[in-house]
>>> print(open('structure.tsv').read())   # TSV, C-alpha atoms
chain	number	residue	atom	x	y	z
O	1	MET	CA	116.72	83.72	161.75
O	2	PRO	CA	114.61	86.44	163.40
O	3	THR	CA	116.17	85.80	166.79
O	4	ALA	CA	119.67	86.33	165.45
O	5	THR	CA	118.60	89.56	163.76
O	6	VAL	CA	117.19	90.97	166.97
O	7	THR	CA	120.29	90.02	168.90
O	8	THR	CA	122.56	91.72	166.37
O	9	ARG	CA	120.49	94.91	166.43
O	10	ARG	CA	120.60	95.12	170.21
O	11	SER	CA	124.31	94.48	170.43
O	12	SER	CA	124.99	97.35	168.01
O	13	LYS	CA	123.45	99.86	170.38
O	14	ARG	CA	125.38	101.74	173.02
O	15	PRO	CA	124.27	100.92	176.60
O	16	GLU	CA	122.79	104.39	177.13
O	17	GLU	CA	120.63	104.06	174.00
O	18	ARG	CA	118.96	101.00	175.48
O	19	LEU	CA	117.44	103.15	178.22
O	20	LEU	CA	114.71	104.14	175.74
O	21	ASP	CA	112.46	101.86	173.70
O	22	ASP	CA	110.36	102.71	170.64
O	23	VAL	CA	107.47	104.10	172.69
O	24	ASP	CA	109.86	106.40	174.56
O	25	LEU	CA	111.50	107.54	171.34
O	26	ASP	CA	108.15	108.31	169.73
O	27	LEU	CA	107.17	110.29	172.81
O	28	VAL	CA	110.40	112.31	172.67
O	29	ALA	CA	109.88	112.99	168.96
O	30	ALA	CA	106.32	114.17	169.62
O	31	LEU	CA	107.35	116.47	172.46
O	32	GLN	CA	110.08	118.02	170.32
O	33	ILE	CA	107.40	119.09	167.83
O	34	ALA	CA	104.92	120.38	170.44
O	35	PRO	CA	106.34	120.27	174.00
O	36	ARG	CA	103.10	121.39	175.71
O	37	THR	CA	100.82	118.83	174.05
O	38	PRO	CA	98.44	117.36	176.69
O	39	VAL	CA	98.90	113.71	177.62
O	40	ASN	CA	95.55	112.68	176.12
O	41	ALA	CA	96.44	114.26	172.78
O	42	LEU	CA	99.90	112.65	172.82
O	43	ALA	CA	98.26	109.27	173.42
O	44	GLU	CA	95.91	109.73	170.47
O	45	VAL	CA	98.67	110.77	168.08
O	46	LEU	CA	100.96	107.93	169.19
O	47	ASP	CA	98.15	105.35	169.17
O	48	SER	CA	98.64	104.56	172.84
O	49	SER	CA	96.75	104.99	176.09
O	50	ALA	CA	96.90	108.12	178.22
O	51	SER	CA	98.01	106.04	181.22
O	52	THR	CA	100.92	104.57	179.24
O	53	ILE	CA	102.07	107.97	177.99
O	54	ALA	CA	101.77	109.50	181.47
O	55	ARG	CA	103.72	106.61	182.97
O	56	ARG	CA	106.45	106.82	180.33
O	57	LEU	CA	106.75	110.58	180.70
O	58	GLY	CA	106.91	110.24	184.48
O	59	ARG	CA	109.69	107.67	184.24
O	60	LEU	CA	111.76	109.81	181.87
O	61	ARG	CA	111.44	112.72	184.28
O	62	SER	CA	112.13	110.75	187.47
O	63	GLU	CA	115.20	109.08	185.96
O	64	ARG	CA	116.48	112.51	184.84
O	65	LEU	CA	116.53	111.52	181.18
O	66	LEU	CA	114.13	114.18	179.91
O	67	ARG	CA	112.90	117.58	181.02
O	68	VAL	CA	110.73	120.16	179.29
O	69	VAL	CA	111.89	123.67	180.14
O	70	GLY	CA	111.32	127.14	178.73
O	71	ARG	CA	113.87	129.17	176.77
O	72	LEU	CA	113.52	132.83	177.69
O	73	ASP	CA	113.80	135.32	174.85
O	74	TRP	CA	117.19	137.02	174.72
O	75	PRO	CA	116.05	140.64	175.31
O	76	LEU	CA	114.44	139.61	178.61
O	77	ILE	CA	117.62	138.22	180.17
O	78	THR	CA	120.59	139.69	178.28
O	79	THR	CA	121.99	143.10	177.44
O	80	GLU	CA	123.48	142.06	174.08
O	81	ASN	CA	124.16	139.03	171.89
O	82	PRO	CA	126.04	136.03	173.29
O	83	ARG	CA	129.64	134.99	172.60
O	84	GLN	CA	131.08	131.64	171.65
O	85	VAL	CA	134.36	131.12	173.47
O	86	TRP	CA	137.23	128.72	172.78
O	87	ILE	CA	139.62	128.05	175.64
O	88	ASN	CA	143.04	126.39	175.82
O	89	CYS	CA	144.37	125.14	179.14
O	90	VAL	CA	147.57	124.04	180.79
O	91	PRO	CA	147.98	120.35	179.86
O	92	GLY	CA	146.15	118.10	182.30
O	93	ARG	CA	144.01	120.87	183.82
O	94	SER	CA	141.03	121.04	181.44
O	95	ALA	CA	138.60	119.30	183.82
O	96	GLU	CA	139.67	121.52	186.72
O	97	VAL	CA	139.27	124.66	184.61
O	98	ALA	CA	135.87	123.51	183.36
O	99	GLY	CA	134.71	123.09	186.95
O	100	ARG	CA	135.62	126.71	187.68
O	101	ILE	CA	133.93	127.94	184.50
O	102	LEU	CA	130.72	126.19	185.56
O	103	GLU	CA	130.57	128.58	188.53
O	104	LEU	CA	129.74	131.38	186.07
O	105	ALA	CA	125.99	131.78	185.61
O	106	GLU	CA	126.59	133.44	182.24
O	107	VAL	CA	127.90	130.19	180.77
O	108	GLN	CA	124.96	128.57	179.03
O	109	THR	CA	126.70	125.58	177.42
O	110	LEU	CA	130.09	124.01	178.13
O	111	LEU	CA	131.92	121.10	176.49
O	112	LEU	CA	135.32	119.54	176.92
O	113	THR	CA	136.69	119.32	173.39
O	114	THR	CA	139.56	118.12	171.22
O	115	GLY	CA	140.91	120.04	168.28
O	116	LYS	CA	141.81	123.70	168.25
O	117	ALA	CA	140.65	124.17	171.86
O	118	ASP	CA	140.31	122.23	175.11
O	119	ILE	CA	137.01	123.83	176.12
O	120	TYR	CA	134.12	125.38	174.23
O	121	CYS	CA	131.41	127.45	175.89
O	122	THR	CA	128.67	129.92	175.05
O	123	VAL	CA	128.54	133.02	177.23
O	124	TYR	CA	125.43	135.15	177.64
O	125	PRO	CA	125.74	138.73	179.01
O	126	LEU	CA	122.96	138.39	181.57
O	127	LEU	CA	121.32	141.45	183.08
O	128	GLY	CA	123.80	143.10	185.44
O	129	THR	CA	126.84	141.47	183.81
O	130	ASP	CA	129.87	143.49	182.75
O	131	ILE	CA	130.63	141.45	179.65
O	132	PHE	CA	133.94	143.20	178.99
O	133	ASP	CA	135.16	142.36	182.48
O	134	LEU	CA	133.90	138.79	182.13
O	135	LEU	CA	135.69	138.16	178.83
O	136	THR	CA	138.92	139.99	179.60
O	137	ASN	CA	139.33	139.45	183.35
O	138	ARG	CA	137.11	136.99	185.17
O	139	LEU	CA	137.11	134.19	182.61
O	140	PRO	CA	140.73	134.30	181.36
O	141	GLY	CA	141.88	134.89	184.94
O	142	ILE	CA	140.80	131.39	186.00
O	143	PRO	CA	143.95	129.45	186.98
O	144	GLY	CA	144.96	126.94	184.35
O	145	ILE	CA	143.71	128.88	181.34
O	146	VAL	CA	146.39	129.65	178.75
O	147	SER	CA	144.32	131.52	176.16
O	148	THR	CA	140.77	132.38	175.15
O	149	GLU	CA	139.18	133.38	171.86
O	150	SER	CA	135.67	134.83	171.83
O	151	GLN	CA	133.43	135.35	168.83
O	152	LEU	CA	130.35	137.56	168.90
O	153	VAL	CA	127.15	135.92	167.65
O	154	LEU	CA	125.76	138.24	164.98
O	155	ARG	CA	122.83	136.04	163.98
O	156	ALA	CA	121.54	132.89	165.66
O	157	HIS	CA	119.96	131.12	162.72
O	158	THR	CA	119.12	127.79	164.36
O	159	MET	CA	118.64	127.07	168.08
O	160	GLY	CA	118.76	123.88	170.10
O	161	GLN	CA	114.99	123.53	170.41
O	162	SER	CA	114.74	123.19	166.62
O	163	TRP	CA	116.65	119.89	166.50
O	164	ARG	CA	114.36	116.94	165.87
O	165	LEU	CA	114.35	113.16	166.14
O	166	HIS	CA	112.58	112.28	162.89
O	167	ARG	CA	110.44	109.23	163.68
O	168	LEU	CA	106.83	110.23	163.18
O	169	GLY	CA	104.75	110.25	160.01
O	170	ALA	CA	103.43	113.32	158.22
O	171	GLU	CA	99.91	112.90	159.59
O	172	GLN	CA	101.16	112.55	163.17
O	173	THR	CA	103.39	115.58	162.75
O	174	GLU	CA	100.53	117.66	161.40
O	175	ARG	CA	98.26	116.70	164.31
O	176	LEU	CA	100.96	117.63	166.80
O	177	ARG	CA	101.50	121.01	165.18
O	178	GLU	CA	97.97	121.89	166.20
O	179	HIS	CA	99.35	121.99	169.76
O	180	ALA	CA	102.56	123.84	168.90
O	181	ILE	CA	103.06	127.41	170.09
O	182	GLN	CA	102.23	130.05	167.50
O	183	VAL	CA	103.88	133.43	168.07
O	184	THR	CA	101.30	136.01	167.04
O	185	GLY	CA	101.92	138.90	169.43
O	186	GLU	CA	104.46	141.70	169.45
O	187	ARG	CA	107.83	140.62	170.81
O	188	LEU	CA	108.90	142.09	174.15
O	189	THR	CA	112.15	144.04	173.97
O	190	SER	CA	112.93	144.64	177.65
O	191	PRO	CA	112.28	142.99	181.04
O	192	GLU	CA	110.75	146.30	182.17
O	193	GLN	CA	107.75	145.47	179.98
O	194	LEU	CA	106.90	142.52	182.24
O	195	SER	CA	104.45	142.88	185.09
O	196	ASP	CA	105.27	141.25	188.42
O	197	LEU	CA	102.74	138.51	187.63
O	198	GLU	CA	104.26	137.89	184.18
O	199	ARG	CA	107.74	137.77	185.65
O	200	SER	CA	106.71	135.20	188.25
O	201	ALA	CA	104.80	133.14	185.68
O	202	LEU	CA	107.80	133.16	183.34
O	203	GLU	CA	110.07	131.83	186.08
O	204	LEU	CA	107.69	128.92	186.67
O	205	MET	CA	107.36	128.23	182.94
O	206	ALA	CA	111.12	128.39	182.42
O	207	ALA	CA	111.62	125.70	185.06
O	208	ASN	CA	108.73	123.57	183.75
O	209	GLY	CA	107.77	124.12	180.12
O	210	ARG	CA	104.66	121.92	180.51
O	211	ILE	CA	103.29	123.62	183.62
O	212	THR	CA	99.51	124.06	183.45
O	213	ALA	CA	97.48	127.17	184.13
O	214	ALA	CA	96.03	125.42	187.18
O	215	ASP	CA	99.51	124.88	188.62
O	216	ILE	CA	100.54	128.47	187.88
O	217	ALA	CA	97.37	129.71	189.58
O	218	ARG	CA	98.06	127.60	192.64
O	219	GLU	CA	101.72	128.67	192.87
O	220	LEU	CA	101.02	132.40	192.42
O	221	GLY	CA	97.69	132.63	194.24
O	222	VAL	CA	95.68	133.91	191.28
O	223	SER	CA	92.61	132.62	189.50
O	224	ARG	CA	92.98	129.92	186.87
O	225	SER	CA	91.61	132.22	184.17
O	226	THR	CA	94.19	134.89	185.06
O	227	ALA	CA	96.97	132.31	185.00
O	228	TYR	CA	95.79	131.01	181.63
O	229	ARG	CA	95.60	134.48	180.04
O	230	THR	CA	99.02	135.38	181.42
O	231	SER	CA	100.75	132.20	180.25
O	232	GLN	CA	99.14	132.34	176.81
O	233	HIS	CA	100.21	135.94	176.34
O	234	LEU	CA	103.80	135.09	177.25
O	235	LEU	CA	103.84	132.19	174.83
O	236	GLU	CA	102.16	134.06	171.99
O	237	CYS	CA	104.53	137.02	172.17
O	238	GLY	CA	107.57	134.72	172.16
O	239	ALA	CA	108.76	135.64	175.65
O	240	LEU	CA	109.31	131.92	176.25
O	241	TRP	CA	109.75	128.90	173.99
O	242	PRO	CA	109.18	125.43	175.51
O	243	ARG	CA	112.01	123.05	174.66
O	244	VAL	CA	112.84	119.41	175.36
O	245	GLU	CA	116.06	118.81	177.27
O	246	ILE	CA	117.45	115.35	176.52
O	247	GLU	CA	120.96	114.28	175.63
O	248	PRO	CA	121.20	113.36	171.92
O	249	THR	CA	123.34	110.36	172.92
O	250	LEU	CA	120.18	108.72	174.26
O	251	LEU	CA	118.59	109.13	170.84
O	252	GLY	CA	121.47	107.59	168.90
O	253	TYR	CA	123.55	110.74	168.28
O	254	PRO	CA	126.56	110.49	170.62
O	255	LEU	CA	129.03	112.56	168.59
O	256	ASN	CA	129.09	116.33	169.17
O	257	ALA	CA	131.08	118.45	166.73
O	258	LEU	CA	131.64	122.17	166.29
O	259	VAL	CA	132.51	123.07	162.73
O	260	SER	CA	133.93	126.55	162.28
O	261	LEU	CA	133.59	127.78	158.70
O	262	THR	CA	135.05	130.65	156.77
O	263	ALA	CA	133.03	131.64	153.74
O	264	GLN	CA	132.77	134.30	151.09
O	265	PRO	CA	130.64	137.12	152.53
O	266	GLN	CA	127.96	136.91	149.86
O	267	ALA	CA	127.60	133.16	150.50
O	268	ILE	CA	126.89	133.44	154.23
O	269	PRO	CA	123.06	133.89	154.09
O	270	GLU	CA	122.61	130.83	151.87
O	271	LEU	CA	125.10	128.88	153.98
O	272	LEU	CA	123.13	129.65	157.12
O	273	ASP	CA	119.91	128.49	155.48
O	274	THR	CA	121.53	125.31	154.17
O	275	LEU	CA	123.16	124.37	157.47
O	276	GLY	CA	120.07	125.34	159.47
O	277	GLY	CA	118.07	122.78	157.52
O	278	HIS	CA	120.61	119.98	158.02
O	279	PRO	CA	119.38	117.17	160.32
O	280	SER	CA	122.51	117.46	162.48
O	281	ALA	CA	122.03	121.16	163.28
O	282	ARG	CA	121.55	122.15	166.90
O	283	TYR	CA	123.05	125.66	166.85
O	284	VAL	CA	123.97	127.47	163.65
O	285	SER	CA	125.20	131.04	163.92
O	286	MET	CA	126.94	133.79	162.03
O	287	VAL	CA	129.80	135.15	164.12
O	288	ALA	CA	132.31	137.99	164.15
O	289	GLY	CA	135.81	136.63	164.59
O	290	SER	CA	138.18	134.22	162.92
O	291	SER	CA	135.18	132.28	161.53
O	292	SER	CA	132.16	133.31	159.50
O	293	VAL	CA	129.71	130.61	160.60
O	294	ILE	CA	129.74	128.01	163.39
O	295	HIS	CA	127.73	124.83	162.98
O	296	TYR	CA	127.19	122.87	166.20
O	297	GLY	CA	125.82	119.49	165.23
O	298	VAL	CA	125.27	115.97	166.57
O	299	TYR	CA	126.03	112.81	164.61
O	300	ARG	CA	125.49	109.07	164.82
O	301	ASP	CA	129.16	108.24	164.39
O	302	GLU	CA	132.44	109.33	162.82
O	303	GLU	CA	131.34	108.29	159.35
O	304	ASP	CA	128.22	110.44	159.70
O	305	LEU	CA	130.40	113.45	160.53
O	306	ALA	CA	132.79	112.61	157.70
O	307	ARG	CA	129.92	112.60	155.20
O	308	PHE	CA	128.72	115.95	156.51
O	309	ILE	CA	132.15	117.50	155.97
O	310	THR	CA	133.03	115.94	152.63
O	311	HIS	CA	129.61	115.69	151.00
O	312	ASP	CA	127.39	118.39	152.46
O	313	LEU	CA	129.99	121.08	153.10
O	314	GLY	CA	132.03	119.96	150.10
O	315	ALA	CA	129.08	120.68	147.82
O	316	PHE	CA	128.86	124.30	148.97
O	317	PRO	CA	131.14	126.46	146.77
O	318	GLY	CA	131.16	129.47	149.08
O	319	VAL	CA	133.00	127.70	151.92
O	320	THR	CA	136.71	128.57	151.95
O	321	GLY	CA	137.83	126.92	155.20
O	322	VAL	CA	136.71	124.23	157.67
O	323	ASP	CA	137.97	123.63	161.22
O	324	THR	CA	136.35	120.84	163.23
O	325	CYS	CA	136.40	120.57	167.02
O	326	VAL	CA	134.94	117.42	168.61
O	327	GLY	CA	133.13	117.44	171.92
O	328	VAL	CA	134.29	114.66	174.23
O	329	ARG	CA	132.10	115.51	177.23
O	330	VAL	CA	129.08	117.78	177.67
O	331	LEU	CA	129.08	119.39	181.12
O	332	ARG	CA	126.29	121.93	180.66
O	333	ARG	CA	123.70	122.52	177.97
O	334	HIS	CA	121.17	125.36	178.13
O	335	TRP	CA	122.07	126.12	181.75
O	336	THR	CA	121.39	122.50	182.74
O	337	ALA	CA	124.17	120.34	184.15
O	338	ARG	CA	124.85	116.98	182.50
O	339	ASP	CA	125.88	113.80	184.28
O	340	GLY	CA	126.48	111.63	181.25
O	341	VAL	CA	123.03	111.25	179.70
O	342	ARG	CA	121.26	112.28	182.90
O	343	LEU	CA	120.19	115.84	183.61
O	344	GLY	CA	121.53	117.63	186.65
O	345	PRO	CA	120.59	120.88	188.39
O	346	ARG	CA	119.45	123.82	186.29
O	347	LEU	CA	120.39	127.46	186.86
O	348	ASP	CA	117.52	129.90	187.14
O	349	GLY	CA	116.67	133.33	188.52
O	350	PHE	CA	117.69	135.19	185.36
O	351	LEU	CA	114.66	137.48	185.49
O	352	ARG	CA	115.58	138.56	189.02
O	353	ARG	CA	118.96	139.80	187.90
O	354	GLY	CA	119.11	143.49	187.07
O	355	ALA	CA	121.32	146.48	186.59
O	356	HIS	CA	121.54	147.05	190.34
O	357	ASP	CA	122.19	143.39	191.19
O	358	THR	CA	125.55	143.28	192.95
O	359	THR	CA	125.56	139.52	193.47
O	360	GLU	CA	128.53	137.96	191.69
O	361	PRO	CA	127.38	135.35	189.14
O	362	GLY	CA	128.18	131.84	190.17
O	363	ASN	CA	128.09	132.41	193.93
O	364	GLY	CA	125.20	130.07	194.57
O	365	ARG	CA	122.84	131.74	192.13
>>> encode(input="structure.tsv", output="C-alpha cells")
Amino acid sequence: MPTATVTTRRSSKRPEERLLDDVDLDLVAALQIAPRTPVNALAEVLDSSASTIARRLGRLRSERLLRVVGRLDWPLITTENPRQVWINCVPGRSAEVAGRILELAEVQTLLLTTGKADIYCTVYPLLGTDIFDLLTNRLPGIPGIVSTESQLVLRAHTMGQSWRLHRLGAEQTERLREHAIQVTGERLTSPEQLSDLERSALELMAANGRITAADIARELGVSRSTAYRTSQHLLECGALWPRVEIEPTLLGYPLNALVSLTAQPQAIPELLDTLGGHPSARYVSMVAGSSSVIHYGVYRDEEDLARFITHDLGAFPGVTGVDTCVGVRVLRRHWTARDGVRLGPRLDGFLRRGAHDTTEPGNGR
C-alpha cells in the first residue's frame, strides 16, 4: 500500500536528514552549482515561486543549516601550501586536545577520527604565521598530544566547493551554469595587489558569498556601480570562490572517511583525475609524506565506503597501499565551527593578517 511505502521510507532516514524536504534539497543542489544565483532565477529553474525560495533560503540560514561563504584564493591569505596533519593523543584526551587545537586560526578543518590517528586537521600557513614553529612547537606542544605527522599538500586537485548533491536534470543544471562564476581575469598572486576597497569588499564577500553590490556599497560607503565593478573583478580573477557550507549528513552522507593512498609515481596524475571525479570526493590532494594521495570523501553508509575501496580503488592498478581513517565527529570545516549538523561561528580577518602582525593566532581572532 502507498501509505506503508511512505512510512518505510521515512523511518529509514536519520533524524537530521528529515530537517530538509525535497524543495530544500533541490535548492541546496542548485546553490552548489551557482551559489550567487538570484532568488528569482532559482525559482524559475526549480519551478517554484520566488517567495517560496526566499522563505526556504531564509529558514536554512536562520536555523544554521546552510550558509554561502567565499573561499579566498590561497596566495591572498597564505605564504605556502597547506599541510594535512594526523594527531595521536593520550587515551581519553582527544576531545580536550581538539578543543585546544580549535584555538589555532590556522586550522581550517578538524575531525575526531578512528584509525591510524585520533585527530585529523588541515593547517594553513596564514600570513604572519611561522609554519615551522607551528608544526614543531605550538601544535605538538599542546598537552595530551603524543605524536603528530604532517604531510605537505603538493597539489590540491579537488576542493570542498566542488562536491555536489546530484538531484537536478541536465536542463536545470545548464540554466544554473549561466549564473556560475567564470574566472576570466589574471589570478592575483599576493595580497599587496589588493586595493583597500578590494580588501574590504573581499572580507564582506568571504563572510557572505551571496552579498549584493547594493549591500557592499552600503557597507563600504561607495556607489553601487563601484561596488559592482569591484566585486565582479574579484570574482572574475578568482580571488574568491563562493561556496555552500552545509553538513553532508543533512544531505544523506553521514560517513566521513580519509583514505590515504600510496601509488606508483607515474600513476598519480591519473589517480588524482579519477578520484577527483568520484561522487564522494570533497578534497583530493597529492601530498609529500608517507602517502602519495589523500582522498577525503563522504558516503551514505559503510557499504558505500566498502564499495569505494574494493570496487573503485580496487580497479586502479597503480594503487599499492590503502589506509582508511573514519571521521566520527566534525568540529570545524572551512574555518566554520560545527555543532552537529548546525553551523557555528566562522573565523575571519585573514586579509588583515600580515608579516608584521604580532597577534598570536587563536587569541580571539
>>> residues_around(input="structure.tsv", residues="segment 20-25 of chain O", least_positions_apart="2", cutoff="8 Å", atoms="only C-alpha atoms", output="VMD selection string")
chain O and resid 17 to 18 27 to 29 56 167 250 to 251
>>> residues_around(input="structure.tsv", residues="Asp26 of chain O", least_positions_apart="6", cutoff="10 Å", atoms="all atoms listed in the file", output="PyMOL selection string")
chain O and resi 20+32+42+45-46+165-168
>>> atom_distance(input="structure.tsv", atom1="atom CA of Asp348 of chain O", atom2="atom CA of Glu16 of chain O")
27.9 Å
>>> atom_distance(input="structure.tsv", atom1="atom CA of Ile211 of chain O", atom2="atom CA of Leu126 of chain O")
24.7 Å
>>> residues_around(input="structure.tsv", residues="Gly276 of chain O", least_positions_apart="4", cutoff="9 Å", atoms="only C-alpha atoms", output="JSON, numbers by chain")
{"O": [157, 158, 159, 271, 272, 280, 281, 282, 283, 284, 285, 295]}
>>> residues_around(input="structure.tsv", residues="Thr184 of chain O", least_positions_apart="3", cutoff="12 Å", atoms="all atoms listed in the file", output="number ranges by chain")
O: 181, 187, 232-239
>>> atom_distance(input="structure.tsv", atom1="atom CA of Gly58 of chain O", atom2="atom CA of Ala180 of chain O")
21.1 Å
>>> closest_residue(input="structure.tsv", among="O:Leu275, O:Ala227, O:Leu313, O:Val341", to="Leu19 of chain O", atoms="all atoms listed in the file")
O:Val341
>>> residues_near_point(input="structure.tsv", point="(111.5, 124.7, 173.4)", cutoff="6 Å", atoms="all atoms listed in the file", output="list of chain:residue names")
O:Gly70, O:Gln161, O:Trp241, O:Pro242, O:Arg243, O:Val244
>>> write_last_selection(input="structure.tsv", atoms="C-alpha atoms", output="mmCIF file, in the frame of the given file")
data_model
loop_
_atom_site.group_PDB
_atom_site.id
_atom_site.type_symbol
_atom_site.label_atom_id
_atom_site.label_comp_id
_atom_site.auth_asym_id
_atom_site.auth_seq_id
_atom_site.Cartn_x
_atom_site.Cartn_y
_atom_site.Cartn_z
ATOM 1 C CA GLY O 70 111.320 127.140 178.730
ATOM 2 C CA GLN O 161 114.990 123.530 170.410
ATOM 3 C CA TRP O 241 109.750 128.900 173.990
ATOM 4 C CA PRO O 242 109.180 125.430 175.510
ATOM 5 C CA ARG O 243 112.010 123.050 174.660
ATOM 6 C CA VAL O 244 112.840 119.410 175.360
#
>>> closest_residue(input="structure.tsv", among="O:Ala95, O:Ala315, O:Leu176, O:Ala207", to="Ile145 of chain O", atoms="only C-alpha atoms")
O:Ala95
>>> residues_around(input="structure.tsv", residues="Leu343 of chain O", least_positions_apart="5", cutoff="9 Å", atoms="all atoms listed in the file", output="number ranges by chain")
O: 63-67, 245-247, 336-338
>>> closest_residue(input="structure.tsv", among="O:Phe316, O:Tyr253, O:Tyr124, O:Phe308", to="Ala267 of chain O", atoms="only C-alpha atoms")
O:Phe316
>>> closest_residue(input="structure.tsv", among="O:Val319, O:Val68, O:Val259, O:Val183", to="Pro35 of chain O", atoms="only C-alpha atoms")
O:Val68
>>> closest_residue(input="structure.tsv", among="O:His278, O:Arg61, O:Arg332, O:Lys13", to="Arg346 of chain O", atoms="all atoms listed in the file")
O:Arg332
>>> build_atoms(input="structure.tsv", residues="segment 109-125 of chain O", atoms="N, CA, C and O atoms", output="PDB file, keeping the file's coordinate frame")
ATOM      1  N   THR O 109     126.315 126.911 177.879  1.00  0.00           N
ATOM      2  CA  THR O 109     126.700 125.580 177.420  1.00  0.00           C
ATOM      3  C   THR O 109     128.204 125.427 177.550  1.00  0.00           C
ATOM      4  O   THR O 109     128.954 126.383 177.293  1.00  0.00           O
ATOM      5  N   LEU O 110     128.657 124.232 177.962  1.00  0.00           N
ATOM      6  CA  LEU O 110     130.090 124.010 178.130  1.00  0.00           C
ATOM      7  C   LEU O 110     130.434 122.568 177.756  1.00  0.00           C
ATOM      8  O   LEU O 110     129.789 121.629 178.224  1.00  0.00           O
ATOM      9  N   LEU O 111     131.441 122.416 176.923  1.00  0.00           N
ATOM     10  CA  LEU O 111     131.920 121.100 176.490  1.00  0.00           C
ATOM     11  C   LEU O 111     133.427 121.017 176.655  1.00  0.00           C
ATOM     12  O   LEU O 111     134.137 122.006 176.393  1.00  0.00           O
ATOM     13  N   LEU O 112     133.916 119.860 177.060  1.00  0.00           N
ATOM     14  CA  LEU O 112     135.320 119.540 176.920  1.00  0.00           C
ATOM     15  C   LEU O 112     135.509 119.067 175.484  1.00  0.00           C
ATOM     16  O   LEU O 112     134.719 118.269 174.970  1.00  0.00           O
ATOM     17  N   THR O 113     136.548 119.569 174.813  1.00  0.00           N
ATOM     18  CA  THR O 113     136.690 119.320 173.390  1.00  0.00           C
ATOM     19  C   THR O 113     138.119 118.901 173.026  1.00  0.00           C
ATOM     20  O   THR O 113     139.059 119.072 173.804  1.00  0.00           O
ATOM     21  N   THR O 114     138.251 118.372 171.818  1.00  0.00           N
ATOM     22  CA  THR O 114     139.560 118.120 171.220  1.00  0.00           C
ATOM     23  C   THR O 114     139.591 118.840 169.882  1.00  0.00           C
ATOM     24  O   THR O 114     138.577 118.994 169.212  1.00  0.00           O
ATOM     25  N   GLY O 115     140.769 119.275 169.502  1.00  0.00           N
ATOM     26  CA  GLY O 115     140.910 120.040 168.280  1.00  0.00           C
ATOM     27  C   GLY O 115     141.647 121.320 168.559  1.00  0.00           C
ATOM     28  O   GLY O 115     142.670 121.321 169.257  1.00  0.00           O
ATOM     29  N   LYS O 116     141.103 122.434 168.081  1.00  0.00           N
ATOM     30  CA  LYS O 116     141.810 123.700 168.250  1.00  0.00           C
ATOM     31  C   LYS O 116     141.706 124.242 169.668  1.00  0.00           C
ATOM     32  O   LYS O 116     142.409 125.188 170.023  1.00  0.00           O
ATOM     33  N   ALA O 117     140.825 123.683 170.501  1.00  0.00           N
ATOM     34  CA  ALA O 117     140.650 124.170 171.860  1.00  0.00           C
ATOM     35  C   ALA O 117     140.354 123.002 172.791  1.00  0.00           C
ATOM     36  O   ALA O 117     139.950 121.919 172.367  1.00  0.00           O
ATOM     37  N   ASP O 118     140.584 123.244 174.082  1.00  0.00           N
ATOM     38  CA  ASP O 118     140.310 122.230 175.110  1.00  0.00           C
ATOM     39  C   ASP O 118     138.886 122.348 175.649  1.00  0.00           C
ATOM     40  O   ASP O 118     138.324 121.363 176.130  1.00  0.00           O
ATOM     41  N   ILE O 119     138.342 123.558 175.585  1.00  0.00           N
ATOM     42  CA  ILE O 119     137.010 123.830 176.120  1.00  0.00           C
ATOM     43  C   ILE O 119     136.277 124.763 175.176  1.00  0.00           C
ATOM     44  O   ILE O 119     136.861 125.714 174.639  1.00  0.00           O
ATOM     45  N   TYR O 120     135.000 124.483 174.978  1.00  0.00           N
ATOM     46  CA  TYR O 120     134.120 125.380 174.230  1.00  0.00           C
ATOM     47  C   TYR O 120     132.961 125.758 175.132  1.00  0.00           C
ATOM     48  O   TYR O 120     132.408 124.905 175.837  1.00  0.00           O
ATOM     49  N   CYS O 121     132.583 127.042 175.127  1.00  0.00           N
ATOM     50  CA  CYS O 121     131.410 127.450 175.890  1.00  0.00           C
ATOM     51  C   CYS O 121     130.713 128.613 175.211  1.00  0.00           C
ATOM     52  O   CYS O 121     131.311 129.359 174.427  1.00  0.00           O
ATOM     53  N   THR O 122     129.426 128.759 175.494  1.00  0.00           N
ATOM     54  CA  THR O 122     128.670 129.920 175.050  1.00  0.00           C
ATOM     55  C   THR O 122     128.416 130.792 176.278  1.00  0.00           C
ATOM     56  O   THR O 122     128.019 130.293 177.333  1.00  0.00           O
ATOM     57  N   VAL O 123     128.645 132.065 176.120  1.00  0.00           N
ATOM     58  CA  VAL O 123     128.540 133.020 177.230  1.00  0.00           C
ATOM     59  C   VAL O 123     127.463 134.050 176.899  1.00  0.00           C
ATOM     60  O   VAL O 123     127.504 134.682 175.834  1.00  0.00           O
ATOM     61  N   TYR O 124     126.515 134.193 177.814  1.00  0.00           N
ATOM     62  CA  TYR O 124     125.430 135.150 177.640  1.00  0.00           C
ATOM     63  C   TYR O 124     125.601 136.310 178.617  1.00  0.00           C
ATOM     64  O   TYR O 124     125.723 136.096 179.827  1.00  0.00           O
ATOM     65  N   PRO O 125     125.624 137.559 178.126  1.00  0.00           N
ATOM     66  CA  PRO O 125     125.740 138.730 179.010  1.00  0.00           C
ATOM     67  C   PRO O 125     124.413 138.978 179.727  1.00  0.00           C
ATOM     68  O   PRO O 125     123.590 139.780 179.294  1.00  0.00           O
TER      69      PRO O 125
END
